[in-house]
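One file, entry.cif, carrying mmCIF, C-alpha atoms:
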```cif
data_coords
#
loop_
_atom_site.label_atom_id
_atom_site.label_comp_id
_atom_site.auth_asym_id
_atom_site.auth_seq_id
_atom_site.Cartn_x
_atom_site.Cartn_y
_atom_site.Cartn_z
CA MET A 1 240.62 149.74 126.66
CA ARG A 2 242.25 152.99 125.57
CA PRO A 3 242.03 155.82 128.13
CA ASP A 4 240.39 158.17 125.60
CA VAL A 5 237.33 155.92 125.19
CA LEU A 6 234.34 156.67 127.38
CA VAL A 7 232.94 153.81 129.43
CA GLY A 8 229.38 154.99 128.92
CA PRO A 9 227.60 156.74 126.03
CA SER A 10 228.64 160.24 125.01
CA GLU A 11 226.28 163.19 125.21
CA TRP A 12 226.00 163.09 121.42
CA VAL A 13 224.82 159.47 121.35
CA VAL A 14 222.29 160.22 124.10
CA GLU A 15 221.05 163.25 122.18
CA GLN A 16 220.76 161.41 118.85
CA PHE A 17 219.32 158.09 119.97
CA GLY A 18 217.65 158.79 123.30
CA GLU A 19 218.69 158.15 126.87
CA LYS A 20 216.81 154.84 127.12
CA ILE A 21 218.84 153.04 124.45
CA ALA A 22 222.09 155.05 124.28
CA GLY A 23 223.87 152.74 126.72
CA GLU A 24 222.82 149.63 124.82
CA LEU A 25 223.84 151.15 121.51
CA TRP A 26 227.25 152.11 122.93
CA THR A 27 228.17 148.49 123.58
CA ARG A 28 226.06 146.62 121.02
CA VAL A 29 227.55 148.28 117.93
CA PRO A 30 231.11 147.06 118.64
CA GLU A 31 229.76 143.66 119.71
CA ALA A 32 227.95 143.34 116.38
CA LEU A 33 231.01 144.31 114.34
CA SER A 34 233.26 142.01 116.37
CA THR A 35 230.85 139.13 115.86
CA ALA A 36 230.81 139.73 112.10
CA ILE A 37 234.61 139.48 111.90
CA ASP A 38 234.70 136.40 114.14
CA ARG A 39 232.09 134.67 112.00
CA GLU A 40 234.07 135.32 108.83
CA VAL A 41 237.32 134.12 110.41
CA ASN A 42 235.74 130.96 111.78
CA ALA A 43 234.16 130.20 108.41
CA HIS A 44 237.47 130.61 106.53
CA PRO A 45 240.30 130.17 109.06
CA ALA A 46 243.09 129.63 106.51
CA MET A 47 242.28 132.44 104.05
CA THR A 48 243.84 135.50 105.73
CA GLN A 49 244.65 137.53 102.59
CA THR A 50 241.27 136.78 101.06
CA MET A 51 239.52 137.79 104.28
CA GLU A 52 241.32 141.15 104.33
CA ARG A 53 239.68 141.92 100.99
CA VAL A 54 236.34 140.62 102.25
CA LEU A 55 236.38 142.88 105.31
CA ALA A 56 237.03 145.94 103.14
CA ASN A 57 234.32 145.02 100.63
CA PRO A 58 231.23 147.28 101.12
CA ARG A 59 229.05 144.36 99.98
CA TRP A 60 230.30 142.05 102.74
CA PRO A 61 226.93 141.07 104.26
CA LEU A 62 227.87 140.11 107.83
CA PRO A 63 228.21 143.64 109.32
CA TYR A 64 224.75 144.54 108.03
CA GLU A 65 223.32 141.29 109.36
CA GLU A 66 224.92 141.56 112.80
CA LEU A 67 223.96 145.21 113.29
CA VAL A 68 220.36 144.25 112.56
CA LEU A 69 220.54 141.31 114.97
CA PHE A 70 222.14 143.33 117.78
CA LEU A 71 220.22 146.59 117.31
CA GLY A 72 216.94 145.45 115.79
CA THR A 73 215.50 144.46 119.17
CA LEU A 74 216.04 147.90 120.74
CA PRO A 75 212.89 149.95 121.45
CA GLY A 76 211.78 151.89 118.39
CA ALA A 77 214.16 150.14 116.00
CA GLU A 78 212.92 149.50 112.46
CA ILE A 79 214.56 147.01 110.11
CA ILE A 80 214.80 147.85 106.41
CA SER A 81 215.60 144.94 104.11
CA VAL A 82 215.29 143.93 100.48
CA PRO A 83 214.59 140.31 99.43
CA LYS A 84 217.63 138.49 98.02
CA SER A 85 219.94 141.39 98.89
CA VAL A 86 223.10 141.55 100.99
CA TYR A 87 221.86 144.83 102.42
CA GLN A 88 219.72 145.13 105.52
CA LEU A 89 219.74 148.22 107.72
CA VAL A 90 218.39 149.24 111.09
CA VAL A 91 216.85 152.67 111.71
CA ILE A 92 216.78 153.92 115.31
CA ASN A 93 215.21 157.19 116.41
CA GLY A 94 215.48 158.70 112.94
CA HIS A 95 219.03 157.49 112.23
CA VAL A 96 220.00 154.77 109.77
CA VAL A 97 223.15 152.95 110.93
CA VAL A 98 225.53 152.07 108.08
CA PRO A 99 228.66 149.90 108.59
CA TRP A 100 231.98 150.92 107.06
CA CYS A 101 235.36 149.20 107.32
CA TYR A 102 237.74 152.16 107.19
CA GLY A 103 241.02 150.36 107.95
CA GLN A 104 242.92 147.41 109.34
CA SER A 105 245.03 149.06 112.05
CA ALA A 106 244.27 150.05 115.64
CA ARG A 107 246.48 153.12 115.18
CA LEU A 108 244.04 154.75 112.75
CA SER A 109 240.92 156.41 114.10
CA MET A 110 237.94 156.93 111.84
CA LYS A 111 238.38 160.70 112.27
CA ASP A 112 241.70 160.36 110.42
CA ALA A 113 240.25 158.28 107.58
CA GLU A 114 239.34 160.13 104.41
CA VAL A 115 235.57 160.44 104.38
CA GLY A 116 233.91 158.89 101.36
CA ARG A 117 237.02 157.58 99.61
CA SER A 118 236.29 153.91 100.27
CA PHE A 119 232.53 154.18 100.71
CA GLY A 120 230.55 151.68 98.71
CA ARG A 121 227.59 152.43 96.49
CA LEU A 122 225.07 152.14 99.34
CA ALA A 123 226.80 154.61 101.69
CA ARG A 124 227.32 157.09 98.85
CA GLU A 125 223.70 156.89 97.74
CA LEU A 126 222.38 157.20 101.30
CA LEU A 127 224.48 160.31 101.84
CA ARG A 128 223.40 161.72 98.49
CA ARG A 129 219.73 161.24 99.32
CA PHE A 130 219.60 161.77 103.07
CA GLY A 131 222.89 163.41 104.03
CA PRO A 132 224.28 166.94 103.74
CA PRO A 133 224.78 168.54 100.31
CA TRP A 134 228.16 167.54 98.89
CA ARG A 135 230.01 167.29 95.64
CA ARG A 136 232.07 164.39 94.37
CA SER A 137 235.76 164.71 95.12
CA GLN A 138 238.35 163.95 92.46
CA ALA A 139 240.10 161.76 95.04
CA GLU A 140 236.98 159.62 95.44
CA THR A 141 237.56 156.10 94.16
CA PRO A 142 235.32 155.33 91.15
CA LEU A 143 232.98 152.42 91.69
CA PRO A 144 233.06 149.45 89.31
CA LEU A 145 230.05 148.75 87.15
CA ASP A 146 227.77 146.37 89.02
CA ALA A 147 224.15 146.10 87.90
CA VAL A 148 223.19 143.87 90.86
CA ASP A 149 224.62 146.29 93.41
CA GLU A 150 222.98 149.27 91.72
CA ARG A 151 219.62 147.52 91.76
CA GLU A 152 219.87 146.49 95.43
CA VAL A 153 220.98 149.95 96.51
CA ALA A 154 218.14 151.60 94.58
CA LYS A 155 215.56 149.32 96.22
CA ILE A 156 216.71 149.78 99.81
CA CYS A 157 217.08 153.55 99.37
CA ALA A 158 213.57 153.70 97.93
CA ALA A 159 212.27 151.86 101.01
CA ILE A 160 214.03 154.30 103.34
CA ALA A 161 212.73 157.28 101.35
CA LYS A 162 209.19 156.28 102.31
CA MET A 163 209.93 156.90 105.98
CA ASN A 164 208.58 160.11 107.48
CA PRO A 165 210.57 161.97 108.57
CA ARG A 166 213.48 160.79 106.47
CA PRO A 167 216.31 159.44 108.62
CA GLU A 168 219.78 160.88 109.01
CA VAL A 169 222.85 158.76 108.24
CA VAL A 170 225.15 157.55 111.02
CA ILE A 171 228.31 155.62 110.11
CA ALA A 172 229.27 152.61 112.26
CA GLY A 173 232.92 152.51 111.28
CA PHE A 174 235.43 149.88 112.27
CA ALA A 175 239.01 148.78 111.82
CA GLY A 176 239.67 145.06 111.86
CA ALA A 177 242.01 142.35 110.70
CA PRO A 178 241.46 138.59 110.31
CA HIS A 179 244.17 137.55 112.76
CA LEU A 180 243.44 140.33 115.28
CA GLY A 181 239.66 140.74 115.14
CA LEU A 182 237.97 144.07 115.83
CA LEU A 183 240.58 146.76 116.51
CA ARG A 184 238.49 149.94 116.72
CA ALA A 185 234.80 150.80 116.47
CA CYS A 186 233.26 154.24 116.01
CA LEU A 187 230.00 156.06 115.50
CA GLY A 188 230.10 159.21 113.42
CA GLU A 189 227.95 161.73 111.63
CA ILE A 190 229.01 163.50 108.44
CA LYS A 191 228.75 167.15 107.46
CA SER A 192 229.71 169.01 104.30
CA THR A 193 232.27 171.80 104.33
CA ASP A 194 231.95 175.18 102.61
CA ASN A 195 233.55 173.81 99.44
CA GLY A 196 231.16 170.83 99.34
CA SER A 197 233.54 168.13 100.55
CA LEU A 198 232.67 165.75 103.39
CA ASN A 199 233.96 165.84 106.95
CA TRP A 200 232.98 164.50 110.35
CA SER A 201 230.59 166.68 112.35
CA HIS A 202 230.92 164.32 115.30
CA LEU A 203 232.69 161.04 116.04
CA ASP A 204 232.93 158.74 119.05
CA ASP A 205 235.29 155.84 119.62
CA LEU A 206 233.37 152.97 121.19
CA PRO A 207 234.63 150.52 123.83
CA LEU A 208 235.68 147.18 122.40
CA PRO A 209 234.06 144.02 123.75
CA PRO A 210 236.32 141.80 125.88
CA PRO A 211 238.21 139.17 123.87
CA VAL A 212 236.73 135.70 123.73
CA ILE A 213 239.04 133.31 125.58
CA PRO A 214 238.92 129.85 124.00
CA ARG A 215 238.07 127.05 126.36
CA PRO A 216 240.86 124.55 127.01
CA ARG A 217 240.41 121.22 125.36
CA ARG A 218 239.42 118.38 127.60
CA MET A 219 241.93 115.60 127.85
CA GLN A 220 240.80 112.30 126.43
CA PHE A 221 242.18 109.14 127.92
CA PRO A 222 242.04 105.73 126.31
#
```
Mind converting the file's structure to structure tokens?
Amino acid sequence: MRPDVLVGPSEWVVEQFGEKIAGELWTRVPEALSTAIDREVNAHPAMTQTMERVLANPRWPLPYEELVLFLGTLPGAEIISVPKSVYQLVVINGHVVVPWCYGQSARLSMKDAEVGRSFGRLARELLRRFGPPWRRSQAETPLPLDAVDEREVAKICAAIAKMNPRPEVVIAGFAGAPHLGLLRACLGEIKSTDNGSLNWSHLDDLPLPPPVIPRPRRMQFP
């Protein structure tokens, strides 16, 4: 583990999510994201280039699913889902946790990634509705037309809008690669600058789970 990563939860995580679950959240978020990558790799072991595109796709369903599985059992957690949708989200202590693959290198921290440039439709809409006021940057990548994605995003955002009080958005960012697994995991909150662009108001690097060591094969004798 890198020396700059705290072993236990930061003061910010304790403040945002509560002392009772901060420690669990600190380790469960990277475990969930690591499990999502491992599942994808095990399902398609020979498709490295294809998997790189899958990991970066905001509609890749496994990070949403694993975050719900790992975090949905925590005290006070509420699961928001839409039938027949890739999206399912968990809300904890007034914060909706949204996964985001920001890169494929351990050298890049989420604080150095350009906020919003590779966000999918769901993250952009959640920030527009529940995040700080911001304006669209000219550098922001236009989203392709996708009626299914637009419909699913509208439904899950409408479900979250019914919550009182409305939750804040926390990004569970990660860097990962098919042949290397989870490389970095982060939790961050976004603010808007004076000119309306987005920036990080706070960001924590999370400790990575220990690597899974494959069991040796048992020898078979005739």
Which of these residues is nearest to Asn42 in chain A, using only C-alpha atoms: A:Lys84, A:Arg117, A:His179, A:Lys191?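 The shortest atom-to-atom distance to Asn42 in chain A comes from A:His179.
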Using all atoms listed in the file, the best pick from A:Ala158, A:Ala32, A:Gly120, A:Pro178 as closest to Asp146 in chain A would be A:Gly120
Edge lengths and centre, in Å to one decimal, as lines of an AutoDock Vina configuration file: that's what I need for the box along x, y and z that holds all listed atoms of range 195-211 of chain A plus 3 Å on each side.
```
center_x = 234.4
center_y = 156.5
center_z = 112.6
size_x = 13.6
size_y = 40.6
size_z = 32.5
```
Expanded to explicit residues, what is the PyMOL selection byres ((chain A and resi 123-132) around 9) for this file, as a PyMOL selection string? chain A and resi 58+98-100+116+119-122+133-134+153-154+157+161+166-169+171+190-192+198
Could you list the residues chosen by the PyMOL selection byres ((chain A and resi 61) around 9) in this structure as number ranges by chain? A: 36, 58-60, 62-66, 85-88
Ranking A:Ile156, A:Leu71, A:Val29, A:Ala177 by minimum distance to Met51 in chain A and counting all atoms listed in the file, which one comes first?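 Of all the options, A:Ala177 lies closest to Met51 in chain A.
The interatomic distance for the pair CA of Lys155 in chain A and CA of Gly94 in chain A works out to 19.2 Å.
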One-decimal distance in Å that lies between CA of His95 in chain A and CA of Gln16 in chain A: 7.9 Å
One-decimal distance in Å that lies between CA of Glu24 in chain A and CA of Leu108 in chain A: 24.9 Å
Using all atoms listed in the file, the residue out of A:Val14, A:Val170, A:Val148, A:Val41 with shortest distance to Val91 in chain A is A:Val170
Taking the file as shown, find all residues satisfying the PyMOL selection byres ((chain A and resi 200-207) around 10) and write them as a PyMOL selection string. chain A and resi 1-2+4-10+12-13+25-31+109-115+170-174+184-193+198-199+208-210
What's around Leu182 in chain A at 7 Å? Count only C-alpha atoms, leave out sequence neighbours fewer than 6 positions away in its own chain, and write the answer as a VMD selection string. chain A and resid 34 37 175 to 176
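With all atoms listed in the file as the atoms that count, the residue of A:Leu33, A:Ile92, A:Ile160, A:Leu67 with the shortest distance to Leu183 in chain A is A:Leu33.
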Point out the residue among A:Gly72, A:Pro144, A:Ala77, A:Glu15 with the least atom-to-atom distance to Asn93 in chain A, counting all atoms listed in the file.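 Selected residue with least distance to Asn93 in chain A: A:Ala77.
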Range 149-163 of chain A written out with all heavy atoms as a tab-separated table (two decimals), in the first residue's frame:
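The resulting result-v1.tsv:
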```tsv
chain	number	residue	atom	x	y	z
A	149	ASP	N	-30.52	4.84	-22.50
A	149	ASP	CA	-29.77	5.42	-21.40
A	149	ASP	C	-30.48	6.65	-20.84
A	149	ASP	O	-30.57	6.82	-19.62
A	149	ASP	CB	-28.36	5.78	-21.87
A	149	ASP	CG	-27.42	6.07	-20.72
A	149	ASP	OD1	-27.56	5.44	-19.66
A	149	ASP	OD2	-26.53	6.93	-20.87
A	150	GLU	N	-30.98	7.50	-21.71
A	150	GLU	CA	-31.70	8.69	-21.26
A	150	GLU	C	-32.91	8.31	-20.41
A	150	GLU	O	-33.19	8.93	-19.38
A	150	GLU	CB	-32.12	9.52	-22.46
A	150	GLU	CG	-30.97	10.17	-23.20
A	150	GLU	CD	-31.44	10.97	-24.40
A	150	GLU	OE1	-32.67	11.13	-24.54
A	150	GLU	OE2	-30.60	11.43	-25.18
A	151	ARG	N	-33.63	7.28	-20.85
A	151	ARG	CA	-34.82	6.86	-20.12
A	151	ARG	C	-34.46	6.29	-18.75
A	151	ARG	O	-35.10	6.60	-17.74
A	151	ARG	CB	-35.58	5.82	-20.95
A	151	ARG	CG	-36.89	5.37	-20.32
A	151	ARG	CD	-37.75	4.63	-21.32
A	151	ARG	NE	-37.06	3.47	-21.90
A	151	ARG	CZ	-36.67	3.38	-23.16
A	151	ARG	NH1	-36.88	4.40	-23.99
A	151	ARG	NH2	-36.07	2.31	-23.62
A	152	GLU	N	-33.41	5.45	-18.69
A	152	GLU	CA	-33.01	4.85	-17.42
A	152	GLU	C	-32.49	5.90	-16.44
A	152	GLU	O	-32.80	5.86	-15.25
A	152	GLU	CB	-31.95	3.78	-17.67
A	152	GLU	CG	-32.48	2.56	-18.41
A	152	GLU	CD	-31.41	1.50	-18.61
A	152	GLU	OE1	-30.30	1.67	-18.07
A	152	GLU	OE2	-31.67	0.51	-19.31
A	153	VAL	N	-31.71	6.84	-16.95
A	153	VAL	CA	-31.19	7.91	-16.10
A	153	VAL	C	-32.32	8.77	-15.56
A	153	VAL	O	-32.34	9.13	-14.38
A	153	VAL	CB	-30.18	8.77	-16.90
A	153	VAL	CG1	-29.89	10.08	-16.16
A	153	VAL	CG2	-28.89	8.00	-17.12
A	154	ALA	N	-33.29	9.10	-16.40
A	154	ALA	CA	-34.42	9.92	-15.95
A	154	ALA	C	-35.21	9.21	-14.85
A	154	ALA	O	-35.62	9.84	-13.86
A	154	ALA	CB	-35.34	10.23	-17.14
A	155	LYS	N	-35.38	7.90	-14.98
A	155	LYS	CA	-36.16	7.16	-13.98
A	155	LYS	C	-35.45	7.08	-12.64
A	155	LYS	O	-36.07	7.29	-11.59
A	155	LYS	CB	-36.46	5.75	-14.51
A	155	LYS	CG	-37.50	5.70	-15.61
A	155	LYS	CD	-37.78	4.27	-16.04
A	155	LYS	CE	-38.85	4.21	-17.11
A	155	LYS	NZ	-39.12	2.81	-17.55
A	156	ILE	N	-34.14	6.79	-12.65
A	156	ILE	CA	-33.45	6.64	-11.37
A	156	ILE	C	-33.25	8.00	-10.69
A	156	ILE	O	-33.31	8.11	-9.47
A	156	ILE	CB	-32.12	5.89	-11.54
A	156	ILE	CG1	-31.65	5.35	-10.18
A	156	ILE	CG2	-31.04	6.76	-12.18
A	156	ILE	CD1	-30.58	4.29	-10.29
A	157	CYS	N	-33.06	9.05	-11.49
A	157	CYS	CA	-32.96	10.39	-10.91
A	157	CYS	C	-34.29	10.84	-10.32
A	157	CYS	O	-34.33	11.51	-9.28
A	157	CYS	CB	-32.47	11.39	-11.96
A	157	CYS	SG	-30.72	11.22	-12.39
A	158	ALA	N	-35.39	10.46	-10.97
A	158	ALA	CA	-36.71	10.80	-10.43
A	158	ALA	C	-36.95	10.10	-9.11
A	158	ALA	O	-37.55	10.66	-8.18
A	158	ALA	CB	-37.79	10.42	-11.45
A	159	ALA	N	-36.47	8.84	-8.98
A	159	ALA	CA	-36.62	8.11	-7.72
A	159	ALA	C	-35.81	8.77	-6.61
A	159	ALA	O	-36.26	8.88	-5.47
A	159	ALA	CB	-36.19	6.66	-7.92
A	160	ILE	N	-34.59	9.22	-6.94
A	160	ILE	CA	-33.75	9.87	-5.93
A	160	ILE	C	-34.33	11.22	-5.54
A	160	ILE	O	-34.24	11.64	-4.38
A	160	ILE	CB	-32.32	10.02	-6.47
A	160	ILE	CG1	-31.69	8.63	-6.65
A	160	ILE	CG2	-31.46	10.87	-5.55
A	160	ILE	CD1	-30.34	8.64	-7.32
A	161	ALA	N	-34.95	11.91	-6.49
A	161	ALA	CA	-35.52	13.23	-6.21
A	161	ALA	C	-36.64	13.18	-5.17
A	161	ALA	O	-36.96	14.19	-4.55
A	161	ALA	CB	-36.03	13.87	-7.50
A	162	LYS	N	-37.23	12.00	-4.98
A	162	LYS	CA	-38.30	11.85	-4.00
A	162	LYS	C	-37.78	11.77	-2.57
A	162	LYS	O	-38.55	11.84	-1.61
A	162	LYS	CB	-39.13	10.61	-4.32
A	162	LYS	CG	-39.86	10.67	-5.66
A	162	LYS	CD	-40.60	9.37	-5.93
A	162	LYS	CE	-41.30	9.41	-7.28
A	162	LYS	NZ	-42.00	8.13	-7.59
A	163	MET	N	-36.47	11.58	-2.43
A	163	MET	CA	-35.89	11.45	-1.09
A	163	MET	C	-35.85	12.81	-0.41
A	163	MET	O	-35.64	13.84	-1.05
A	163	MET	CB	-34.47	10.87	-1.18
A	163	MET	CG	-34.40	9.52	-1.88
A	163	MET	SD	-32.72	8.82	-1.89
A	163	MET	CE	-32.56	8.39	-0.16
```
